[in-house]
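Here's the structure we're looking at; comments come further down.
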Protein chains: 2
Amino acid sequence: MLTSRDVEAILIQHGYRLTRPRAAVVDAVLKYTHPFTAEQLVADVGTGKGGSIGRATIYRTLEILASLDVLTRLIQPDGHPAYICDSLGHRHHIVCSGCGTAVAFTFCPVQELVPALARDTAFEIHDHLLEVFGVCPSCQVSATSAGGPRA
Amino acid sequence: MLTSRDVEAILIQHGYRLTRPRAAVVDAVLKYTHPFTAEQLVADVGTGKGGSIGRATIYRTLEILASLDVLTRLIQPDGHPAYICDSLGHRHHIVCSGCGTAVAFTFCPVQELVPALARDTAFEIHDHLLEVFGVCPSCQVSATSAGGPRA
DNA sequence: TCATCAACTGATACCAGGTGTCAACTGGTG
DNA sequence: CACCAGTTGACACCTGGTATCAGTTGATGA
């Protein structure tokens with residue numbers, strides 16, 4: 001698990017300044033256990049709340065953190081982009097459509113598929129996007145205890 | 001490959017009326033060989049052009065067609081949603097980041113992963129999202145002939 | 001400690017994509 | 001033909017994200 005020190009070190013390593021607003025964004029980001037949207041972060045640390053960080057700054061910082069692989073950008077079931085911060089490296093997530101909990105998994109089935117896919121389609125494959133959606137154990141329980149799930 | 005007749009039959013089968021605007025949207029949709037965005041469709045058949053179909057109607061019709069699996073909703077490399085219409089069933093796409101060409105593949109590596117993932121995470125897995133991005137053969141050629149690719 | 005300067009910030013206006021509303025219209029049915 | 005639910009199109013609105021720019025901040029060297 002990353003700490004704010006780690007992230008700050010990464011920022012500096014890459015030639016970014018460590019400013020107060022950035023530190024605040026990093027702190028907030030590390031507190032999330034679920035995927036969060038940019039707007040959520042704006043609501044949390046944006047102007048008028050505990051913090052007073054401008055929208056633009058927050059979006060810019062998210063951009064930077066994502067480019068440094070500190071944050072992973074993922075797509076929510078409703079199609080909206082979200083971010084999650086767990087640790088470095090290539091990984092995918094299962095996201096609970098009930099409570100939003102995300103669990104990461106490092107095994108990437110697409111990487112195994114890439115050679116065959118490249119051969120079959122003659123495409124040069126550069127990247128991929130994979131999200132899995134489902135219901136986490138605790139949401140399964142509450143759905144059952146609530147009298148059975150209903151579409 | 002689907003024809004407009006097929007799609008119209010599907011619509012009626014599911015209790016939707018076959019109206020002139022819907023038929024026009026279906027026709028337009030079937031003409032696309034590449035993934036297209038809703039706004040593109042609005043530009044093509046929307047008010048003021050050859051057609052005169054309202055934005056809302058186009059969005060609504062896309063929604064219906066996607067819910068009937070006539071259209072597949074996919075995510076473009078820039079993160080914007082797009083639609084593609086090739087045929088029915090579960091499938092994924094490789095999208096060329098140069099020209100937008102999409103090639104479908106029916107083999108889904110995620111389905112094989114689902115049991116293990118469900119066991120490991122205790123999630124009930126319902127759905128997934130998979131897009132692969134790359135460069136198609138003809139874009140590879142033009143990149144080379146244009147003096148070599150550049151990051 | 002101070003001066004300098006580029007990087008950074010926050011406010012604001014703006015833009016694009018998408019949705020909600022509602023009166024008018026249309027197609028299917030009897 | 002009359003009726004009515006489903007559908008349409010115009011339009012206002014909302015939301016997420018971006019561009020701009022004057023002012024501020026932090027790192028650096030003297």
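Ligands are numbered from 1 in the order shown, chains are lettered A, B, ... in the order of the structure tokens, and residues start at 1 in each chain.
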Output the contact residues of chain D with respect to chain A at a cut-off of 9 Å, based on only C-alpha atoms (C1' of nucleotides), as a PyMOL selection string. chain D and resi 16-18+25-27
Just the selected residues (C-alpha atoms (C1' of nucleotides)), exported as a PDB file, in the first residue's frame, please.
ATOM      1  C1'  DG D  16     -18.139  16.588 -16.239  1.00  0.00           C
ATOM      2  C1'  DG D  17     -14.282  18.393 -18.007  1.00  0.00           C
ATOM      3  C1'  DT D  18     -11.100  22.079 -20.280  1.00  0.00           C
ATOM      4  C1'  DT D  25       4.441  29.787  -4.509  1.00  0.00           C
ATOM      5  C1'  DG D  26       8.594  27.088  -4.034  1.00  0.00           C
ATOM      6  C1'  DA D  27      13.344  26.085  -5.490  1.00  0.00           C
TER       7       DA D  27
END
Extract, using only C-alpha atoms (C1' of nucleotides), all DNA, RNA and protein residues at most 8 Å from B:Leu62, discarding same-chain residues fewer than 4 positions from it, and format them as a PyMOL selection string. chain B and resi 38+58+66+71
Against chain A, which residues of chain C fall within 9 Å? For each one I want the closest pair of atoms and the distance in Å (one decimal), counting only C-alpha atoms (C1' of nucleotides), rows by chain and increasing residue number, as CSV.
residue,atom,partner,partner_atom,distance
C:DA7,C1',A:Arg17,CA,7.7
C:DC8,C1',A:Thr19,CA,8.2
C:DT9,C1',A:Thr57,CA,6.8
C:DG10,C1',A:Gly54,CA,5.0
C:DA11,C1',A:Gly54,CA,7.7
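In this structure, the chain A residues at most 6 Å away from chain B are A:Pro109, A:Ala122, A:Phe123, A:Glu124, A:Ile125, A:His126, A:Asp127, A:His128, A:Leu129, A:Leu130, A:Glu131, A:Val132, A:Phe133, A:Gly134, A:Val135, A:Cys136, A:Pro137, with only C-alpha atoms considered.
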Please return as a PDB file with C-alpha atoms, in the first residue's frame: the residues of chain A that backbone DSSP assigns to strand (DSSP E or B).
ATOM      1  CA  PHE A  36     -13.843   7.691  -6.690  1.00  0.00           C
ATOM      2  CA  GLY A  46     -12.506  21.584  -3.438  1.00  0.00           C
ATOM      3  CA  ILE A  53      -8.481  23.679  -4.007  1.00  0.00           C
ATOM      4  CA  THR A  72      -5.565   3.700 -12.072  1.00  0.00           C
ATOM      5  CA  ARG A  73      -8.299   5.104 -14.230  1.00  0.00           C
ATOM      6  CA  LEU A  74     -11.233   2.770 -14.535  1.00  0.00           C
ATOM      7  CA  ILE A  75     -14.701   2.779 -15.999  1.00  0.00           C
ATOM      8  CA  PRO A  81     -14.637   7.275 -15.396  1.00  0.00           C
ATOM      9  CA  ALA A  82     -13.332   6.818 -11.892  1.00  0.00           C
ATOM     10  CA  TYR A  83      -9.962   6.522 -10.233  1.00  0.00           C
ATOM     11  CA  ILE A  84      -8.583   4.090  -7.762  1.00  0.00           C
ATOM     12  CA  HIS A  92      -7.596  -4.742 -13.210  1.00  0.00           C
ATOM     13  CA  HIS A  93     -10.530  -4.481 -10.827  1.00  0.00           C
ATOM     14  CA  ILE A  94     -13.783  -6.137  -9.963  1.00  0.00           C
ATOM     15  CA  VAL A  95     -16.184  -3.434  -8.943  1.00  0.00           C
ATOM     16  CA  CYS A  96     -19.272  -4.070  -6.837  1.00  0.00           C
ATOM     17  CA  ALA A 102     -13.220  -2.607  -5.848  1.00  0.00           C
ATOM     18  CA  VAL A 103     -10.934  -5.593  -5.621  1.00  0.00           C
ATOM     19  CA  ALA A 104      -7.823  -5.651  -7.746  1.00  0.00           C
ATOM     20  CA  PHE A 105      -6.418  -8.651  -9.516  1.00  0.00           C
ATOM     21  CA  GLU A 124      -0.282  -3.927 -33.477  1.00  0.00           C
ATOM     22  CA  ILE A 125      -1.746  -4.102 -29.999  1.00  0.00           C
ATOM     23  CA  HIS A 126      -0.798  -1.323 -27.602  1.00  0.00           C
ATOM     24  CA  ASP A 127      -3.247  -1.254 -24.759  1.00  0.00           C
ATOM     25  CA  HIS A 128      -6.463  -2.615 -23.363  1.00  0.00           C
ATOM     26  CA  LEU A 129      -9.234  -1.836 -20.959  1.00  0.00           C
ATOM     27  CA  LEU A 130     -10.758  -4.462 -18.714  1.00  0.00           C
ATOM     28  CA  GLU A 131     -13.268  -4.046 -15.912  1.00  0.00           C
ATOM     29  CA  VAL A 132     -15.321  -6.729 -14.249  1.00  0.00           C
ATOM     30  CA  PHE A 133     -18.617  -5.893 -12.574  1.00  0.00           C
ATOM     31  CA  GLY A 134     -20.412  -7.892  -9.945  1.00  0.00           C
ATOM     32  CA  VAL A 135     -21.711  -7.961  -6.396  1.00  0.00           C
TER      33      VAL A 135
END
Excluding same-chain residues fewer than 2 positions from C:DT29, what lies within 12 Å of it counting only C-alpha atoms (C1' of nucleotides), as an MDAnalysis selection string? (chainID C and resid 27) or (chainID D and resid 1:5)
Grab the residues selected above and save them as a CSV table (one decimal), in the first residue's frame with N, CA, C and O atoms (P, O5', C5', C4', C3', O3' and C1' of nucleotides).
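And here's part-v2.csv as it stands now:
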chain,number,residue,atom,x,y,z
C,27,DG,P,-47.1,7.3,-38.7
C,27,DG,O5',-47.4,5.9,-38.1
C,27,DG,C5',-46.7,5.4,-37.0
C,27,DG,C4',-47.4,4.3,-36.3
C,27,DG,C3',-48.1,3.3,-37.2
C,27,DG,O3',-47.9,2.0,-36.7
C,27,DG,C1',-49.7,4.3,-35.7
D,1,DC,P,-61.9,9.2,-42.3
D,1,DC,O5',-62.7,8.4,-41.2
D,1,DC,C5',-64.1,8.8,-41.0
D,1,DC,C4',-64.3,8.5,-39.5
D,1,DC,C3',-63.5,9.4,-38.6
D,1,DC,O3',-64.3,9.9,-37.5
D,1,DC,C1',-63.0,7.1,-38.1
D,2,DA,P,-63.8,11.0,-36.5
D,2,DA,O5',-63.5,10.1,-35.2
D,2,DA,C5',-64.6,9.2,-34.7
D,2,DA,C4',-64.2,8.6,-33.4
D,2,DA,C3',-63.5,9.6,-32.4
D,2,DA,O3',-63.9,9.3,-31.1
D,2,DA,C1',-62.0,7.8,-33.0
D,3,DC,P,-63.3,10.1,-29.9
D,3,DC,O5',-62.2,9.1,-29.3
D,3,DC,C5',-62.6,7.7,-29.1
D,3,DC,C4',-61.4,6.9,-28.7
D,3,DC,C3',-60.5,7.6,-27.7
D,3,DC,O3',-60.3,6.8,-26.5
D,3,DC,C1',-59.2,6.8,-29.5
D,4,DC,P,-59.8,7.3,-25.1
D,4,DC,O5',-58.3,6.8,-25.1
D,4,DC,C5',-58.1,5.4,-25.4
D,4,DC,C4',-56.6,5.2,-25.5
D,4,DC,C3',-55.8,6.0,-24.6
D,4,DC,O3',-54.7,5.2,-24.2
D,4,DC,C1',-55.1,6.4,-26.8
D,5,DA,P,-54.1,5.4,-22.7
D,5,DA,O5',-52.8,4.5,-22.7
D,5,DA,C5',-52.8,3.3,-23.4
D,5,DA,C4',-51.6,3.2,-24.3
D,5,DA,C3',-50.3,3.5,-23.7
D,5,DA,O3',-49.3,2.6,-24.0
D,5,DA,C1',-50.6,4.9,-25.6
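Relative to atom CA of B:Ala28, atom C1' of C:DT26 is found at 21.8 Å.
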Figure out the distance between atom CA of B:Asp86 and atom CA of B:Leu30, please, to one decimal in Å.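 Answer for the atom CA of B:Leu30 to atom CA of B:Asp86 separation: 8.1 Å.
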Per DSSP on the backbone, what are the helix (DSSP H, G or I) residues of chain A, as an MDAnalysis selection string? chainID A and resid 4:13 20:31 38:45 55:67 109:121 137:145
Can you pull out every residue within 10 Å of D:DT15, counting only C-alpha atoms (C1' of nucleotides), but drop anything in the same chain fewer than 4 positions away, and send it as a VMD selection string? (chain A and resid 39) or (chain C and resid 17 to 19)
Give me a file of those residues, with all heavy atoms, as an mmCIF file, in the first residue's frame.
data_model
loop_
_atom_site.group_PDB
_atom_site.id
_atom_site.type_symbol
_atom_site.label_atom_id
_atom_site.label_comp_id
_atom_site.auth_asym_id
_atom_site.auth_seq_id
_atom_site.Cartn_x
_atom_site.Cartn_y
_atom_site.Cartn_z
ATOM 1 N N GLU A 39 -15.252 14.410 -9.567
ATOM 2 C CA GLU A 39 -16.208 15.327 -8.946
ATOM 3 C C GLU A 39 -16.329 15.068 -7.445
ATOM 4 O O GLU A 39 -16.510 15.992 -6.657
ATOM 5 C CB GLU A 39 -17.579 15.207 -9.615
ATOM 6 C CG GLU A 39 -17.679 15.977 -10.917
ATOM 7 C CD GLU A 39 -17.341 17.458 -10.762
ATOM 8 O OE1 GLU A 39 -17.933 18.155 -9.925
ATOM 9 O OE2 GLU A 39 -16.442 17.932 -11.504
ATOM 10 P P DG C 17 -19.334 16.383 -28.465
ATOM 11 O OP1 DG C 17 -18.405 15.505 -29.182
ATOM 12 O OP2 DG C 17 -20.350 17.177 -29.182
ATOM 13 O "O5'" DG C 17 -20.060 15.517 -27.357
ATOM 14 C "C5'" DG C 17 -19.289 14.953 -26.307
ATOM 15 C "C4'" DG C 17 -20.228 14.424 -25.259
ATOM 16 O "O4'" DG C 17 -20.838 15.530 -24.558
ATOM 17 C "C3'" DG C 17 -21.371 13.593 -25.827
ATOM 18 O "O3'" DG C 17 -21.464 12.412 -25.046
ATOM 19 C "C2'" DG C 17 -22.601 14.494 -25.688
ATOM 20 C "C1'" DG C 17 -22.229 15.343 -24.480
ATOM 21 N N9 DG C 17 -22.823 16.680 -24.420
ATOM 22 C C8 DG C 17 -22.886 17.599 -25.436
ATOM 23 N N7 DG C 17 -23.463 18.717 -25.076
ATOM 24 C C5 DG C 17 -23.793 18.517 -23.742
ATOM 25 C C6 DG C 17 -24.444 19.379 -22.814
ATOM 26 O O6 DG C 17 -24.865 20.529 -22.998
ATOM 27 N N1 DG C 17 -24.586 18.790 -21.567
ATOM 28 C C2 DG C 17 -24.147 17.526 -21.252
ATOM 29 N N2 DG C 17 -24.371 17.128 -20.002
ATOM 30 N N3 DG C 17 -23.550 16.713 -22.106
ATOM 31 C C4 DG C 17 -23.401 17.268 -23.328
ATOM 32 P P DG C 18 -22.437 11.241 -25.442
ATOM 33 O OP1 DG C 18 -21.818 9.985 -25.007
ATOM 34 O OP2 DG C 18 -22.883 11.423 -26.834
ATOM 35 O "O5'" DG C 18 -23.677 11.510 -24.484
ATOM 36 C "C5'" DG C 18 -23.445 11.556 -23.074
ATOM 37 C "C4'" DG C 18 -24.644 12.139 -22.402
ATOM 38 O "O4'" DG C 18 -24.780 13.535 -22.752
ATOM 39 C "C3'" DG C 18 -25.974 11.489 -22.760
ATOM 40 O "O3'" DG C 18 -26.463 10.833 -21.606
ATOM 41 C "C2'" DG C 18 -26.869 12.652 -23.182
ATOM 42 C "C1'" DG C 18 -26.137 13.854 -22.606
ATOM 43 N N9 DG C 18 -26.384 15.112 -23.288
ATOM 44 C C8 DG C 18 -26.046 15.454 -24.575
ATOM 45 N N7 DG C 18 -26.416 16.667 -24.907
ATOM 46 C C5 DG C 18 -27.034 17.154 -23.758
ATOM 47 C C6 DG C 18 -27.637 18.409 -23.512
ATOM 48 O O6 DG C 18 -27.753 19.378 -24.275
ATOM 49 N N1 DG C 18 -28.146 18.495 -22.221
ATOM 50 C C2 DG C 18 -28.077 17.489 -21.282
ATOM 51 N N2 DG C 18 -28.620 17.736 -20.093
ATOM 52 N N3 DG C 18 -27.514 16.310 -21.493
ATOM 53 C C4 DG C 18 -27.020 16.208 -22.754
ATOM 54 P P DT C 19 -27.898 10.141 -21.571
ATOM 55 O OP1 DT C 19 -27.771 8.981 -20.675
ATOM 56 O OP2 DT C 19 -28.402 9.994 -22.940
ATOM 57 O "O5'" DT C 19 -28.801 11.234 -20.833
ATOM 58 C "C5'" DT C 19 -28.343 11.754 -19.602
ATOM 59 C "C4'" DT C 19 -29.436 12.617 -18.992
ATOM 60 O "O4'" DT C 19 -29.546 13.863 -19.716
ATOM 61 C "C3'" DT C 19 -30.828 11.986 -19.015
ATOM 62 O "O3'" DT C 19 -31.412 12.239 -17.750
ATOM 63 C "C2'" DT C 19 -31.534 12.711 -20.156
ATOM 64 C "C1'" DT C 19 -30.890 14.084 -20.098
ATOM 65 N N1 DT C 19 -30.826 14.832 -21.374
ATOM 66 C C2 DT C 19 -31.323 16.112 -21.398
ATOM 67 O O2 DT C 19 -31.827 16.650 -20.443
ATOM 68 N N3 DT C 19 -31.199 16.746 -22.617
ATOM 69 C C4 DT C 19 -30.642 16.239 -23.763
ATOM 70 O O4 DT C 19 -30.596 16.923 -24.790
ATOM 71 C C5 DT C 19 -30.142 14.896 -23.672
ATOM 72 C C7 DT C 19 -29.515 14.262 -24.859
ATOM 73 C C6 DT C 19 -30.254 14.267 -22.493
#
Atom-to-atom span, atom CA of A:Glu63 and atom CA of B:Ala143, Å: 27.9 Å
